[in-house]
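**Student:** Structure below; questions to follow.
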Amino acid sequence: MSVQQIKDAIATQKMKCPSCSKPVQQYDNFIEMTAFVSDGAGDSDSGLETAGSKVTLICGNCDWKERTEYWANYIDE
Ligand SMILES: [Zn+2]
């Protein structure tokens, strides 16, 4: 999951607005979320895990706009 997927989905018009079903035209404020997991014992795992990403999707055709971490759900494969 990366910002490139969002860019591609928008460029190829696969990111669909759930409100008007037209292609989403913009995104904003993409952030990668990481979760630091530590067991306190300094075990083998690095402890740094990607916990998804969050983005604001802006339809551009209607008033729909949403800040979500489940943006992949809007991509129409
Ligand atoms: Zn829309």
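Chain labels A, B, ... are given in the sequence in which chains occur in the structure tokens; within each chain residues are numbered consecutively from 1, and ligands are likewise numbered from 1 in the order shown.
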Pull the strand (DSSP E or B) assignments for chain A out of DSSP run on the backbone, and list those residues as a PyMOL selection string.

**Tutor:** chain A and resi 15-16+23+26-36+48-58+65-68+75

**Student:** Dump C-alpha atoms for the selected residues as a PDB file, in the first residue's frame?

**Tutor:**
```
ATOM      1  CA  MET A  15     -10.724   5.187  -7.670  1.00  0.00           C
ATOM      2  CA  LYS A  16     -14.492   5.517  -7.519  1.00  0.00           C
ATOM      3  CA  PRO A  23     -13.774   8.708 -10.715  1.00  0.00           C
ATOM      4  CA  GLN A  26      -7.814  14.243  -6.141  1.00  0.00           C
ATOM      5  CA  TYR A  27      -6.158  13.091  -2.976  1.00  0.00           C
ATOM      6  CA  ASP A  28      -4.529  15.016  -0.206  1.00  0.00           C
ATOM      7  CA  ASN A  29      -2.453  14.603   2.942  1.00  0.00           C
ATOM      8  CA  PHE A  30      -1.210  11.079   2.376  1.00  0.00           C
ATOM      9  CA  ILE A  31       0.543   9.638   5.399  1.00  0.00           C
ATOM     10  CA  GLU A  32       2.158   6.305   6.029  1.00  0.00           C
ATOM     11  CA  MET A  33       1.299   5.011   9.458  1.00  0.00           C
ATOM     12  CA  THR A  34       3.760   2.946  11.365  1.00  0.00           C
ATOM     13  CA  ALA A  35       3.273   1.192  14.644  1.00  0.00           C
ATOM     14  CA  PHE A  36       6.152   0.620  16.930  1.00  0.00           C
ATOM     15  CA  LEU A  48       8.685  -1.401  13.211  1.00  0.00           C
ATOM     16  CA  GLU A  49       5.610  -2.398  11.278  1.00  0.00           C
ATOM     17  CA  THR A  50       3.626  -0.623   8.671  1.00  0.00           C
ATOM     18  CA  ALA A  51       0.155  -0.101   9.978  1.00  0.00           C
ATOM     19  CA  GLY A  52      -1.358   1.142   6.780  1.00  0.00           C
ATOM     20  CA  SER A  53      -1.700   4.573   5.357  1.00  0.00           C
ATOM     21  CA  LYS A  54      -4.217   7.346   5.459  1.00  0.00           C
ATOM     22  CA  VAL A  55      -5.336   9.753   2.806  1.00  0.00           C
ATOM     23  CA  THR A  56      -8.019  12.305   2.115  1.00  0.00           C
ATOM     24  CA  LEU A  57      -9.888  11.447  -1.077  1.00  0.00           C
ATOM     25  CA  ILE A  58     -11.655  14.252  -2.889  1.00  0.00           C
ATOM     26  CA  LYS A  65     -14.583  13.924   0.534  1.00  0.00           C
ATOM     27  CA  GLU A  66     -13.278  11.429   3.035  1.00  0.00           C
ATOM     28  CA  ARG A  67     -10.231  10.907   5.209  1.00  0.00           C
ATOM     29  CA  THR A  68      -9.739   7.177   5.335  1.00  0.00           C
ATOM     30  CA  ILE A  75     -10.364   1.169  -6.004  1.00  0.00           C
TER      31      ILE A  75
END
```

**Student:** If you count only C-alpha atoms and all ligand atoms, which residues end up within 10 Å of ligand 1, as an mmCIF file with C-alpha atoms, in the first residue's frame?

**Tutor:**
```cif
data_model
loop_
_atom_site.group_PDB
_atom_site.id
_atom_site.type_symbol
_atom_site.label_atom_id
_atom_site.label_comp_id
_atom_site.auth_asym_id
_atom_site.auth_seq_id
_atom_site.Cartn_x
_atom_site.Cartn_y
_atom_site.Cartn_z
ATOM 1 C CA LYS A 16 -14.492 5.517 -7.519
ATOM 2 C CA CYS A 17 -16.544 7.934 -5.486
ATOM 3 C CA PRO A 18 -19.078 5.984 -3.377
ATOM 4 C CA SER A 19 -21.486 8.875 -3.610
ATOM 5 C CA CYS A 20 -21.744 9.588 -7.344
ATOM 6 C CA SER A 21 -19.768 6.612 -8.775
ATOM 7 C CA LYS A 22 -17.570 8.869 -10.846
ATOM 8 C CA PRO A 23 -13.774 8.708 -10.715
ATOM 9 C CA VAL A 24 -12.198 10.429 -7.736
ATOM 10 C CA GLN A 25 -10.036 13.251 -9.030
ATOM 11 C CA ILE A 58 -11.655 14.252 -2.889
ATOM 12 C CA CYS A 59 -14.238 13.342 -5.516
ATOM 13 C CA GLY A 60 -14.209 16.572 -7.480
ATOM 14 C CA ASN A 61 -17.456 15.644 -9.243
ATOM 15 C CA CYS A 62 -19.682 15.987 -6.192
ATOM 16 C CA ASP A 63 -19.106 17.164 -2.628
ATOM 17 C CA TRP A 64 -17.823 13.817 -1.379
ATOM 18 C CA LYS A 65 -14.583 13.924 0.534
#
```

**Student:** Give me every alpha helix (DSSP H) residue in chain A, going by DSSP on the backbone, as number ranges by chain.

**Tutor:** A: 3-11
